[in-house]
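The file query.cif contains mmCIF, C-alpha atoms and all ligand atoms:
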data_final
loop_
_atom_site.label_atom_id
_atom_site.label_comp_id
_atom_site.auth_asym_id
_atom_site.auth_seq_id
_atom_site.Cartn_x
_atom_site.Cartn_y
_atom_site.Cartn_z
CA MET A 3 8.58 -29.55 -46.43
CA LEU A 4 11.61 -29.60 -44.13
CA THR A 5 10.96 -27.61 -40.99
CA PHE A 6 13.15 -27.14 -37.96
CA ARG A 7 10.30 -26.44 -35.59
CA GLU A 8 8.31 -29.40 -34.38
CA LEU A 9 6.07 -29.05 -31.34
CA PRO A 10 5.71 -32.09 -29.08
CA PRO A 11 2.33 -33.86 -29.19
CA THR A 12 1.94 -33.59 -25.40
CA ALA A 13 2.82 -31.08 -22.68
CA GLY A 14 5.79 -33.07 -21.41
CA LEU A 15 7.90 -31.46 -18.69
CA PRO A 16 11.25 -30.38 -20.19
CA LEU A 17 14.33 -31.25 -18.13
CA SER A 18 16.74 -28.60 -16.88
CA TRP A 19 20.52 -28.91 -16.48
CA ARG A 20 19.94 -28.35 -12.75
CA ASP A 21 18.09 -31.67 -12.58
CA PHE A 22 21.46 -33.36 -13.11
CA LEU A 23 23.15 -31.65 -10.12
CA PRO A 24 23.53 -33.32 -6.68
CA ALA A 25 20.34 -33.47 -4.59
CA GLY A 26 21.13 -31.00 -1.78
CA GLY A 27 18.55 -32.21 0.73
CA ARG A 28 15.68 -32.56 -1.76
CA PRO A 29 13.24 -35.49 -1.08
CA ASP A 30 13.82 -38.59 -3.20
CA LEU A 31 11.44 -39.46 -6.06
CA GLU A 32 9.38 -41.88 -3.98
CA SER A 33 8.82 -39.40 -1.10
CA GLY A 34 8.22 -36.50 -3.50
CA LEU A 35 5.60 -38.44 -5.47
CA ALA A 36 3.95 -39.77 -2.31
CA ARG A 37 3.55 -36.20 -1.10
CA PHE A 38 2.36 -35.00 -4.52
CA LEU A 39 -0.26 -37.78 -4.67
CA ASN A 40 -1.14 -37.55 -0.98
CA VAL A 41 -0.50 -41.28 -0.41
CA ARG A 42 1.54 -43.22 2.17
CA SER A 43 4.10 -44.50 -0.36
CA VAL A 44 4.69 -45.12 -4.05
CA GLN A 45 6.64 -47.79 -5.87
CA ILE A 46 8.78 -46.99 -8.90
CA GLU A 47 8.77 -49.42 -11.85
CA CYS A 48 10.60 -49.35 -15.16
CA SER A 49 7.50 -48.33 -17.17
CA GLY A 50 3.76 -47.86 -16.81
CA THR A 51 3.31 -51.17 -18.59
CA ALA A 52 5.66 -52.92 -16.15
CA ALA A 53 3.70 -51.33 -13.28
CA LEU A 54 0.51 -52.85 -14.74
CA VAL A 55 2.22 -56.24 -15.05
CA VAL A 56 3.35 -56.11 -11.41
CA ALA A 57 -0.16 -55.11 -10.30
CA LEU A 58 -1.83 -57.92 -12.27
CA GLU A 59 0.72 -60.56 -11.20
CA TYR A 60 0.08 -59.55 -7.60
CA LEU A 61 -3.73 -59.72 -7.99
CA LYS A 62 -3.40 -63.10 -9.71
CA GLN A 63 -1.89 -64.46 -6.51
CA ARG A 64 -4.80 -63.18 -4.47
CA SER A 65 -7.56 -64.77 -6.55
CA LYS A 66 -8.37 -67.67 -8.86
CA ARG A 67 -10.14 -65.30 -11.28
CA ARG A 68 -8.39 -64.76 -14.62
CA THR A 69 -10.24 -62.14 -16.72
CA VAL A 70 -9.40 -58.44 -16.94
CA ILE A 71 -11.80 -55.89 -18.43
CA VAL A 72 -10.36 -52.82 -20.15
CA PRO A 73 -11.86 -50.01 -22.27
CA ALA A 74 -11.95 -50.90 -25.97
CA TYR A 75 -10.09 -47.67 -26.77
CA THR A 76 -6.92 -47.48 -24.74
CA CYS A 77 -3.17 -47.88 -25.10
CA PRO A 78 -2.20 -51.18 -26.80
CA LEU A 79 0.38 -51.61 -24.01
CA VAL A 80 -2.48 -52.30 -21.58
CA ALA A 81 -3.47 -55.35 -23.65
CA LEU A 82 0.17 -56.45 -23.75
CA ALA A 83 0.46 -56.13 -19.96
CA VAL A 84 -2.64 -58.30 -19.45
CA ALA A 85 -1.20 -60.94 -21.78
CA ARG A 86 2.25 -60.76 -20.13
CA ALA A 87 0.55 -61.54 -16.79
CA GLY A 88 -1.05 -64.60 -18.41
CA LEU A 89 -4.59 -63.22 -18.05
CA ARG A 90 -7.57 -63.09 -20.41
CA LEU A 91 -8.72 -59.78 -21.85
CA LYS A 92 -12.31 -58.60 -22.25
CA LEU A 93 -13.16 -55.29 -23.92
CA CYS A 94 -15.82 -52.89 -22.73
CA ASP A 95 -17.15 -50.40 -25.28
CA LEU A 96 -17.19 -46.69 -24.48
CA LEU A 97 -20.08 -44.35 -24.01
CA ARG A 98 -20.74 -42.54 -27.29
CA GLU A 99 -18.38 -39.59 -27.94
CA SER A 100 -16.62 -40.26 -24.65
CA GLN A 101 -13.53 -42.03 -23.45
CA GLU A 102 -15.38 -43.57 -20.50
CA MET A 103 -16.46 -47.19 -20.39
CA ASP A 104 -20.21 -47.74 -20.70
CA ALA A 105 -21.05 -48.62 -17.07
CA ASN A 106 -24.24 -50.57 -17.95
CA LEU A 107 -22.29 -52.71 -20.37
CA LEU A 108 -19.43 -53.11 -17.89
CA ASP A 109 -21.85 -54.37 -15.28
CA ARG A 110 -23.13 -57.00 -17.75
CA LEU A 111 -19.61 -58.03 -18.78
CA CYS A 112 -18.46 -58.73 -15.20
CA ASP A 113 -18.80 -62.30 -13.99
CA SER A 114 -17.32 -64.68 -11.44
CA ASP A 115 -14.05 -64.81 -13.41
CA THR A 116 -13.48 -61.02 -13.43
CA LEU A 117 -10.24 -60.41 -11.58
CA ALA A 118 -9.85 -56.71 -12.35
CA ILE A 119 -11.34 -53.76 -14.17
CA ILE A 120 -8.82 -51.25 -15.56
CA PRO A 121 -10.44 -47.91 -16.42
CA THR A 122 -8.17 -45.46 -18.26
CA HIS A 123 -7.98 -41.76 -17.45
CA LEU A 124 -7.00 -40.84 -21.00
CA GLY A 125 -5.36 -37.58 -21.97
CA GLY A 126 -5.32 -36.17 -18.44
CA MET A 127 -9.13 -36.35 -18.18
CA PRO A 128 -10.55 -38.15 -15.14
CA VAL A 129 -13.34 -40.62 -15.84
CA ASN A 130 -16.33 -40.77 -13.50
CA MET A 131 -15.22 -43.29 -10.88
CA GLU A 132 -18.53 -43.58 -9.06
CA PRO A 133 -20.17 -46.33 -11.17
CA LEU A 134 -16.85 -48.15 -11.55
CA VAL A 135 -16.21 -48.34 -7.82
CA SER A 136 -19.66 -49.80 -7.18
CA ILE A 137 -19.55 -52.24 -10.13
CA ALA A 138 -16.14 -53.55 -9.00
CA ARG A 139 -17.42 -53.91 -5.42
CA ASP A 140 -20.65 -55.68 -6.49
CA HIS A 141 -18.74 -58.22 -8.56
CA GLY A 142 -15.81 -58.74 -6.17
CA ALA A 143 -13.33 -57.46 -8.78
CA PHE A 144 -10.29 -55.27 -8.14
CA LEU A 145 -10.21 -51.76 -9.60
CA VAL A 146 -6.84 -50.85 -11.13
CA GLU A 147 -6.80 -47.24 -12.35
CA ASP A 148 -4.68 -46.61 -15.42
CA ALA A 149 -3.60 -43.00 -14.85
CA ALA A 150 -0.56 -43.38 -17.13
CA GLN A 151 -1.49 -40.15 -18.95
CA SER A 152 -2.99 -38.32 -16.00
CA LEU A 153 -0.50 -37.68 -13.20
CA GLY A 154 -1.82 -34.59 -11.43
CA ALA A 155 -5.48 -34.91 -12.42
CA THR A 156 -8.08 -35.15 -9.66
CA TRP A 157 -11.62 -36.49 -9.29
CA ARG A 158 -13.71 -35.10 -6.38
CA GLY A 159 -10.49 -33.72 -4.92
CA MET A 160 -8.68 -37.08 -4.99
CA PRO A 161 -5.74 -37.66 -7.35
CA VAL A 162 -6.81 -40.09 -10.07
CA GLY A 163 -5.02 -43.38 -9.52
CA THR A 164 -5.61 -43.25 -5.77
CA ILE A 165 -9.35 -44.00 -5.85
CA GLY A 166 -9.36 -47.70 -6.81
CA ASP A 167 -7.43 -50.57 -5.20
CA ILE A 168 -4.29 -49.91 -7.23
CA GLY A 169 -3.19 -47.02 -9.46
CA VAL A 170 -0.61 -46.83 -12.22
CA TYR A 171 1.18 -43.80 -13.73
CA SER A 172 3.71 -43.59 -16.53
CA LEU A 173 6.97 -41.65 -16.36
CA THR A 174 7.84 -42.47 -19.96
CA ARG A 175 8.94 -39.81 -22.47
CA GLY A 176 6.44 -37.07 -23.22
CA LYS A 177 4.52 -37.60 -19.99
CA GLY A 178 4.02 -34.81 -17.40
CA LEU A 179 7.12 -36.10 -15.61
CA THR A 180 9.65 -38.39 -17.22
CA ILE A 181 12.74 -40.46 -16.43
CA ASN A 182 12.91 -41.71 -20.05
CA TYR A 183 10.98 -44.91 -19.25
CA GLY A 184 9.33 -45.29 -15.88
CA GLY A 185 6.20 -46.16 -14.00
CA VAL A 186 4.64 -45.61 -10.59
CA LEU A 187 2.40 -47.86 -8.53
CA VAL A 188 0.18 -46.80 -5.64
CA ALA A 189 -2.16 -48.98 -3.59
CA LYS A 190 -4.89 -48.37 -1.08
CA SER A 191 -4.18 -51.06 1.51
CA ASP A 192 -1.01 -51.93 3.40
CA GLU A 193 -1.49 -55.52 2.31
CA ALA A 194 -1.51 -54.53 -1.38
CA ARG A 195 1.49 -52.20 -0.95
CA GLN A 196 3.48 -55.02 0.64
CA GLY A 197 2.32 -57.53 -1.98
CA LEU A 198 3.24 -55.21 -4.86
CA LEU A 199 6.72 -54.71 -3.42
CA GLU A 200 7.28 -58.45 -3.10
CA THR A 201 5.91 -59.12 -6.58
CA SER A 202 8.16 -56.47 -8.06
CA LYS A 203 11.19 -57.92 -6.30
CA ARG A 204 10.37 -61.35 -7.69
CA LEU A 205 9.89 -60.10 -11.28
CA SER A 206 12.51 -57.32 -11.62
CA ALA A 207 15.97 -58.13 -12.85
CA SER A 208 18.90 -55.77 -12.44
CA ARG A 209 19.98 -54.58 -15.92
CA PRO A 210 23.07 -52.31 -15.44
CA PHE A 211 23.90 -51.94 -19.16
CA LEU A 212 20.33 -51.16 -20.09
CA GLU A 213 20.17 -48.71 -17.16
CA ALA A 214 23.30 -46.92 -18.46
CA LYS A 215 21.71 -46.66 -21.92
CA LEU A 216 18.47 -45.29 -20.49
CA LEU A 217 20.42 -42.69 -18.51
CA VAL A 218 22.34 -41.55 -21.60
CA GLU A 219 19.06 -41.32 -23.49
CA LEU A 220 17.64 -39.19 -20.67
CA LEU A 221 20.54 -36.84 -21.17
CA GLY A 222 19.62 -36.78 -24.87
CA TYR A 223 16.04 -35.99 -23.86
CA TRP A 224 17.23 -32.95 -21.93
CA LEU A 225 19.15 -31.75 -25.01
CA LEU A 226 16.54 -32.54 -27.65
CA TYR A 227 13.14 -32.05 -26.00
CA ASN A 228 12.59 -28.64 -27.58
CA PRO A 229 11.04 -27.58 -30.91
CA THR A 230 14.39 -27.70 -32.77
CA GLY A 231 15.59 -31.01 -31.34
CA LEU A 232 12.16 -32.56 -31.84
CA SER A 233 12.19 -31.62 -35.52
CA LEU A 234 15.01 -34.17 -35.87
CA VAL A 235 14.09 -36.96 -33.46
CA TYR A 236 10.30 -36.76 -33.76
CA GLY A 237 9.46 -34.75 -36.88
CA LEU A 238 11.68 -36.59 -39.38
CA PRO A 239 10.50 -40.13 -38.51
CA LEU A 240 6.90 -38.86 -38.30
CA ARG A 241 7.03 -37.48 -41.84
CA SER A 242 8.63 -40.65 -43.13
CA TYR A 243 5.87 -42.79 -41.56
CA LEU A 244 3.18 -40.54 -43.00
CA ARG A 245 4.78 -40.55 -46.48
CA SER A 246 4.64 -44.34 -46.50
CA GLY A 247 1.07 -44.38 -45.14
CA ASN A 248 2.12 -46.06 -41.88
CA LEU A 249 -0.35 -44.40 -39.52
CA THR A 250 0.30 -46.67 -36.53
CA GLY A 251 4.01 -45.88 -36.84
CA ALA A 252 3.21 -42.15 -37.01
CA ALA A 253 1.08 -42.32 -33.86
CA GLY A 254 3.70 -44.44 -32.03
CA ASP A 255 1.34 -47.44 -31.84
CA ASP A 256 3.72 -50.06 -33.25
CA LEU A 257 4.90 -51.39 -29.93
CA PRO A 258 7.25 -54.23 -29.02
CA LEU A 259 5.35 -57.32 -27.84
CA GLU A 260 7.76 -57.97 -25.02
CA VAL A 261 7.28 -56.13 -21.73
CA PRO A 262 10.58 -55.79 -19.84
CA VAL A 263 10.36 -55.60 -16.05
CA HIS A 264 13.58 -54.42 -14.40
CA LYS A 265 14.92 -52.13 -11.69
CA VAL A 266 15.28 -48.34 -12.13
CA GLY A 267 18.69 -46.84 -11.25
CA ALA A 268 19.33 -44.17 -8.63
CA ALA A 269 20.55 -41.55 -11.13
CA ARG A 270 17.33 -41.53 -13.14
CA ARG A 271 15.26 -41.39 -9.94
CA HIS A 272 17.37 -38.46 -8.79
CA ILE A 273 16.71 -36.56 -12.04
CA GLY A 274 12.98 -37.33 -11.77
CA ALA A 275 12.89 -36.05 -8.18
CA ALA A 276 14.49 -32.76 -9.24
CA ALA A 277 12.07 -32.26 -12.15
CA LEU A 278 9.09 -33.12 -9.91
CA ALA A 279 9.67 -29.91 -7.93
CA ARG A 280 8.57 -27.94 -11.05
CA LEU A 281 5.54 -30.08 -11.83
CA PRO A 282 2.80 -28.43 -9.69
CA ALA A 283 3.35 -24.96 -11.18
CA VAL A 284 3.61 -26.33 -14.73
CA LEU A 285 0.40 -28.35 -14.27
CA GLU A 286 -1.41 -25.25 -13.08
CA ALA A 287 -0.32 -23.31 -16.16
CA ASN A 288 -1.24 -26.24 -18.44
CA ARG A 289 -4.68 -26.46 -16.86
CA GLU A 290 -5.37 -22.78 -17.43
CA ARG A 291 -4.16 -22.88 -21.04
CA GLY A 292 -5.97 -26.17 -21.77
CA ARG A 293 -9.27 -24.89 -20.42
CA SER A 294 -9.13 -21.61 -22.29
CA ARG A 295 -8.17 -23.29 -25.59
CA ALA A 296 -10.88 -25.93 -25.16
CA ALA A 297 -13.38 -23.10 -24.62
CA ALA A 298 -12.15 -21.39 -27.80
CA LEU A 299 -12.72 -24.56 -29.87
CA LYS A 300 -16.20 -25.11 -28.51
CA GLY A 301 -17.54 -22.32 -30.69
CA LEU A 302 -16.58 -24.16 -33.90
CA PRO A 303 -19.44 -26.01 -35.60
CA GLY A 304 -18.81 -29.74 -36.00
CA VAL A 305 -16.03 -29.73 -33.39
CA LYS A 306 -16.39 -31.34 -29.96
CA VAL A 307 -13.68 -30.99 -27.32
CA LEU A 308 -13.59 -33.38 -24.39
CA SER A 309 -13.79 -31.48 -21.14
CA GLU A 310 -13.47 -32.20 -17.46
CA PRO A 311 -16.39 -34.08 -15.93
CA PRO A 312 -18.09 -32.42 -12.94
CA ASP A 313 -15.99 -32.15 -9.76
CA SER A 314 -12.78 -33.01 -11.52
CA SER A 315 -9.65 -31.29 -12.67
CA GLY A 316 -7.63 -32.52 -15.66
CA SER A 317 -3.88 -32.45 -16.15
CA TRP A 318 -4.31 -31.35 -19.81
CA PRO A 319 -1.31 -32.87 -21.65
CA PHE A 320 -3.30 -32.26 -24.87
CA LEU A 321 -6.80 -31.42 -26.02
CA THR A 322 -8.87 -34.32 -27.31
CA VAL A 323 -11.06 -33.24 -30.21
CA LEU A 324 -13.80 -35.13 -32.04
CA LEU A 325 -14.77 -33.94 -35.50
CA GLU A 326 -18.16 -34.55 -37.01
CA SER A 327 -17.09 -37.37 -39.30
CA SER A 328 -14.09 -39.49 -40.11
CA PRO A 329 -13.54 -37.73 -43.49
CA ALA A 330 -13.61 -34.33 -41.74
CA ARG A 331 -11.04 -35.56 -39.23
CA ASP A 332 -8.86 -37.02 -42.00
CA GLN A 333 -9.09 -33.79 -43.97
CA ALA A 334 -7.99 -31.77 -40.94
CA LEU A 335 -5.13 -34.15 -40.22
CA SER A 336 -3.95 -34.12 -43.84
CA ARG A 337 -3.08 -30.47 -43.20
CA LEU A 338 -2.14 -30.62 -39.54
CA TRP A 339 -0.26 -33.86 -38.89
CA THR A 340 2.81 -32.67 -40.78
CA SER A 341 2.44 -29.01 -39.82
CA GLY A 342 4.80 -29.30 -36.83
CA LEU A 343 2.06 -27.84 -34.62
CA GLY A 344 1.70 -30.81 -32.26
CA VAL A 345 -1.50 -32.22 -33.78
CA THR A 346 -1.75 -36.02 -34.03
CA ARG A 347 -3.93 -39.01 -33.27
CA LEU A 348 -3.73 -40.66 -29.86
CA PHE A 349 -4.18 -44.35 -30.67
CA VAL A 350 -5.03 -45.00 -34.30
CA HIS A 351 -7.43 -47.89 -33.61
CA ASP A 352 -9.56 -49.32 -30.87
CA LEU A 353 -7.89 -52.45 -29.46
CA THR A 354 -9.60 -54.74 -32.01
CA GLY A 355 -7.91 -52.86 -34.87
CA TYR A 356 -4.25 -53.82 -34.32
CA ARG A 357 -3.13 -56.90 -36.24
CA TYR A 358 -0.25 -57.52 -33.81
CA LEU A 359 -2.74 -57.80 -30.93
CA SER A 360 -5.03 -60.28 -32.69
CA ALA A 361 -3.87 -63.25 -30.57
CA ILE A 362 -4.59 -61.29 -27.38
CA VAL A 363 -7.68 -59.20 -28.08
CA PRO A 364 -10.93 -61.19 -28.48
CA PRO A 365 -13.27 -60.21 -31.33
CA SER A 366 -15.67 -57.71 -29.78
CA ALA A 367 -18.42 -55.42 -31.03
CA VAL A 368 -17.25 -51.99 -29.90
CA PRO A 369 -18.94 -49.46 -32.23
CA ASN A 370 -18.49 -46.44 -29.96
CA ALA A 371 -14.77 -47.06 -29.50
CA GLN A 372 -14.42 -47.46 -33.27
CA ASP A 373 -16.29 -44.23 -33.88
CA PHE A 374 -14.10 -42.45 -31.32
CA ALA A 375 -10.91 -43.67 -33.02
CA ALA A 376 -12.26 -42.67 -36.44
CA ARG A 377 -13.18 -39.09 -35.50
CA MET A 378 -10.57 -38.02 -32.97
CA LEU A 379 -7.41 -36.00 -33.09
CA THR A 380 -5.34 -34.40 -30.36
CA ILE A 381 -3.82 -30.92 -30.07
CA SER A 382 -0.72 -30.54 -27.95
CA ASN A 383 -1.10 -28.40 -24.84
CA SER A 384 2.65 -27.78 -24.64
CA ALA A 385 3.68 -24.26 -23.61
CA TRP A 386 5.55 -24.11 -26.93
CA VAL A 387 2.22 -23.98 -28.82
CA THR A 388 1.80 -20.23 -29.13
CA ASP A 389 -1.51 -18.41 -29.57
CA ARG A 390 -0.54 -17.92 -33.21
CA ASP A 391 0.04 -21.67 -33.65
CA PHE A 392 -3.27 -22.37 -31.99
CA ALA A 393 -5.08 -19.88 -34.24
CA ARG A 394 -3.69 -21.74 -37.29
CA ILE A 395 -4.98 -25.04 -35.91
CA GLN A 396 -8.36 -23.48 -35.16
CA SER A 397 -8.68 -22.16 -38.69
CA VAL A 398 -7.90 -25.59 -40.24
CA LEU A 399 -10.45 -27.25 -37.95
CA ALA A 400 -13.04 -24.62 -38.88
CA SER A 401 -12.54 -25.19 -42.60
CA SER A 402 -12.41 -29.01 -42.28
CA SER A 403 -15.68 -29.25 -40.44
CA ALA A 404 -17.41 -26.43 -42.34
CA PRO A 405 -18.77 -28.48 -45.32
CA ALA A 406 -20.47 -30.97 -42.99
CA ALA A 407 -21.82 -28.14 -40.87
CA LYS A 408 -23.12 -26.30 -43.95
CA ALA A 409 -24.81 -29.46 -45.25
CA ARG A 410 -26.53 -29.84 -41.89
CA THR A 411 -27.77 -26.27 -41.97
CA SER A 412 -29.17 -26.60 -45.51
CA MET A 413 -31.03 -29.77 -44.51
CA LEU A 414 -32.70 -27.84 -41.75
CA LEU A 415 -33.85 -25.05 -44.09
C1 LIG A 501 -3.22 -45.22 -21.18
C2 LIG A 501 -1.86 -45.81 -21.06
N1 LIG A 501 -1.67 -46.88 -20.28
C3 LIG A 501 -0.45 -47.44 -20.12
C4 LIG A 501 0.65 -46.94 -20.77
C5 LIG A 501 1.98 -47.59 -20.59
O1 LIG A 501 2.93 -46.73 -20.06
P1 LIG A 501 4.47 -46.83 -20.46
O2 LIG A 501 4.62 -46.26 -21.83
O3 LIG A 501 5.17 -46.07 -19.42
O4 LIG A 501 4.81 -48.28 -20.44
C6 LIG A 501 0.50 -45.83 -21.60
C7 LIG A 501 1.64 -45.25 -22.31
O5 LIG A 501 1.59 -44.27 -22.94
C8 LIG A 501 -0.78 -45.25 -21.75
O6 LIG A 501 -0.97 -44.19 -22.54
#
As structure tokens, please, write out the structure in this file.
Amino acid sequence: MLTFRELPPTAGLPLSWRDFLPAGGRPDLESGLARFLNVRSVQIECSGTAALVVALEYLKQRSKRRTVIVPAYTCPLVALAVARAGLRLKLCDLLRESQEMDANLLDRLCDSDTLAIIPTHLGGMPVNMEPLVSIARDHGAFLVEDAAQSLGATWRGMPVGTIGDIGVYSLTRGKGLTINYGGVLVAKSDEARQGLLETSKRLSASRPFLEAKLLVELLGYWLLYNPTGLSLVYGLPLRSYLRSGNLTGAAGDDLPLEVPVHKVGAARRHIGAAALARLPAVLEANRERGRSRAAALKGLPGVKVLSEPPDSSGSWPFLTVLLESSPARDQALSRLWTSGLGVTRLFVHDLTGYRYLSAIVPPSAVPNAQDFAARMLTISNSAWVTDRDFARIQSVLASSSAPAAKARTSMLL
């Protein structure tokens, strides 16, 4: 069915025409983000993936170690960044029904070749950093936090991304703050900050024509990042992918193998700096809405919503939901993925499931990551998802998980 209302899958920050006006004394993007993250300085890169590449290239110079451990369920771009830096990948399975790496397993996987561990704070939800910090320290590995999806989330009062040695955020489309494509690097030590700057200078080309294209696209983003515009640029391709059964295309997982690393122009930084001024208030509203909607879903039998671990505060771009079984999840998605209500899957597979990554990702037994991928869906936490929209989603989830729940009850009787 053709619909002209398509809600975005994440609570991205819409741009305003005012973001395109001259600065008028406002801090630049680097200073604004440094203040927001409570760090000495930040470094802007052309994408979160490029930021990971710069981080890994820098760490490679500091050590002879060559293996990087990542969660088995994370963005395929993380695997591509590791490969682009010429490093070996090792997967760590997750805890069951969680997006956190299994710390006991991680400890066993680390060895004298482990250069870095890259935990992911997926979907705005901080992971428990305590075991990771001590495992990295015990094994002499660097801790690089992938907070691409979690700008604004905190763990024990500290912004995620600023707890390990290096942190990475994404400013790519749909993220809490966007400059079309962009990334941010932060580092704990002066030595690392200096090293990351030098590495970036060595790797980043100036691409004026590409920069002009990215700026025009950002203008398009301002015009089209709304439910009507998204029905054309997001909804139409989504439906076409789903009609042809291309799930990885529908989830945006078919990614180019090449990872460009180039400079980011002043105009896009300027627009990002202007939008950043709105971010704290928007995050606060997202947090409140996310928490109350997560609480509303918790009452549904057969539905588990991921929530904030103790002492942490999420940024809530979307709600991550696990249904009782893969068929229940598929049944719910058959009604919701094309509903225009902002329901989708995050990454379709764990990292072992993508054919285009087979030369990079080693065969690994990762049953919990596979189970997570098979049972999960996400619900947008965009302000455009009204209470009425959410009630429709709730009712589909209730009916999709009901047969399994009923069967469970009758077994108990
Ligand atoms: C967990 C995670 N890491 C890294 C990235 C890469 O960021 P970017 O798309 O800005 O290259 C993404 C992108 O969505 C991501 O979700």
Kindly provide, as an MDAnalysis selection string, all nucleotide and amino acid residues lying within 6 Å of ligand LIG 501 (chain A), counting only C-alpha atoms and all ligand atoms.
chainID A and resid 49:51 76:77 79:80 122 124 148 150:151 172:174 183:185
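The residue that comes closest to Tyr60 in chain A, out of A:Met127, A:Leu93, A:Leu399, A:Ala194 and on the basis of all atoms listed in the file, is A:Ala194.
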What's around Ala275 in chain A at 7 Å? Count all atoms listed in the file, leave out sequence neighbours fewer than 6 positions away in its own chain, and write the answer as an NGL selection string.
:A and (30-31 or 34)
Could you check which residues have any atom within 12 Å of (7.0, -56.3, -29.6), counting only C-alpha atoms with coordinates taken straight from the file, and then list them as a list in words?
Pro78, Leu79, Leu82, Ala83, Arg86, Asp255, Asp256, Leu257, Pro258, Leu259, Glu260, Val261, Pro262, Tyr358 and Leu359 of chain A
Write the residues you've just listed into a file as a short mmCIF file (atom, residue, chain, number, x, y, z; two decimals), keeping the file's coordinate frame, and include C-alpha atoms for each of them.
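Final file, selection33.cif:
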data_model
loop_
_atom_site.label_atom_id
_atom_site.label_comp_id
_atom_site.auth_asym_id
_atom_site.auth_seq_id
_atom_site.Cartn_x
_atom_site.Cartn_y
_atom_site.Cartn_z
CA PRO A 78 -2.20 -51.18 -26.80
CA LEU A 79 0.38 -51.61 -24.01
CA LEU A 82 0.17 -56.45 -23.75
CA ALA A 83 0.46 -56.13 -19.96
CA ARG A 86 2.25 -60.76 -20.13
CA ASP A 255 1.34 -47.44 -31.84
CA ASP A 256 3.72 -50.06 -33.25
CA LEU A 257 4.90 -51.39 -29.93
CA PRO A 258 7.25 -54.23 -29.02
CA LEU A 259 5.35 -57.32 -27.84
CA GLU A 260 7.76 -57.97 -25.02
CA VAL A 261 7.28 -56.13 -21.73
CA PRO A 262 10.58 -55.79 -19.84
CA TYR A 358 -0.25 -57.52 -33.81
CA LEU A 359 -2.74 -57.80 -30.93
#
Which protein, DNA or RNA residues have an atom at most 10 Å from (-8.9, -62.2, -25.1), counting all atoms listed in the file? List them as a PDB file with C-alpha atoms, in the coordinates of the input.
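Ended up saving to result.pdb:
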ATOM      1  CA  THR A  69     -10.240 -62.140 -16.720  1.00  0.00           C
ATOM      2  CA  VAL A  70      -9.400 -58.440 -16.940  1.00  0.00           C
ATOM      3  CA  ILE A  71     -11.800 -55.890 -18.430  1.00  0.00           C
ATOM      4  CA  ALA A  81      -3.470 -55.350 -23.650  1.00  0.00           C
ATOM      5  CA  VAL A  84      -2.640 -58.300 -19.450  1.00  0.00           C
ATOM      6  CA  ALA A  85      -1.200 -60.940 -21.780  1.00  0.00           C
ATOM      7  CA  LEU A  89      -4.590 -63.220 -18.050  1.00  0.00           C
ATOM      8  CA  ARG A  90      -7.570 -63.090 -20.410  1.00  0.00           C
ATOM      9  CA  LEU A  91      -8.720 -59.780 -21.850  1.00  0.00           C
ATOM     10  CA  LYS A  92     -12.310 -58.600 -22.250  1.00  0.00           C
ATOM     11  CA  LEU A  93     -13.160 -55.290 -23.920  1.00  0.00           C
ATOM     12  CA  LEU A 359      -2.740 -57.800 -30.930  1.00  0.00           C
ATOM     13  CA  SER A 360      -5.030 -60.280 -32.690  1.00  0.00           C
ATOM     14  CA  ALA A 361      -3.870 -63.250 -30.570  1.00  0.00           C
ATOM     15  CA  ILE A 362      -4.590 -61.290 -27.380  1.00  0.00           C
ATOM     16  CA  VAL A 363      -7.680 -59.200 -28.080  1.00  0.00           C
ATOM     17  CA  PRO A 364     -10.930 -61.190 -28.480  1.00  0.00           C
ATOM     18  CA  PRO A 365     -13.270 -60.210 -31.330  1.00  0.00           C
ATOM     19  CA  SER A 366     -15.670 -57.710 -29.780  1.00  0.00           C
TER      20      SER A 366
END
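The gap separating CA of Leu335 in chain A from CA of Glu99 in chain A is 18.9 Å, in Å to one decimal.
Minimum atom-to-atom distance to Leu35 in chain A, evaluated using only C-alpha atoms, belongs to A:Arg271 out of A:Lys300, A:Lys62, A:Arg271, A:Arg347.
Each of A:Ala52, A:Ala296, A:Ile273, A:Leu285 was checked against Ala25 in chain A using only C-alpha atoms; the smallest atom-to-atom distance is that of A:Ile273.
Using all atoms listed in the file, the shortest contact distance between Ala400 in chain A and any of A:Lys306, A:His123, A:Phe349, A:Val387 is found at A:Lys306.
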9 Å contact set for Ala385 in chain A, only C-alpha atoms, chain neighbours under 4 positions out, as a list in words
Ala13, Ala287, Asn288 and Arg291 of chain A
Within 12 Å of Glu213 in chain A, counting all atoms listed in the file, which residues qualify if same-chain residues fewer than 2 places away don't, as JSON, numbers by chain?
{"A": [48, 181, 182, 183, 184, 207, 208, 209, 210, 211, 215, 216, 217, 218, 219, 220, 264, 265, 266, 267, 268, 269, 270, 271]}
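Closest approach to Val323 in chain A among A:Ser100, A:Ser384, A:Ser33, A:Thr201: A:Ser100, based on only C-alpha atoms.
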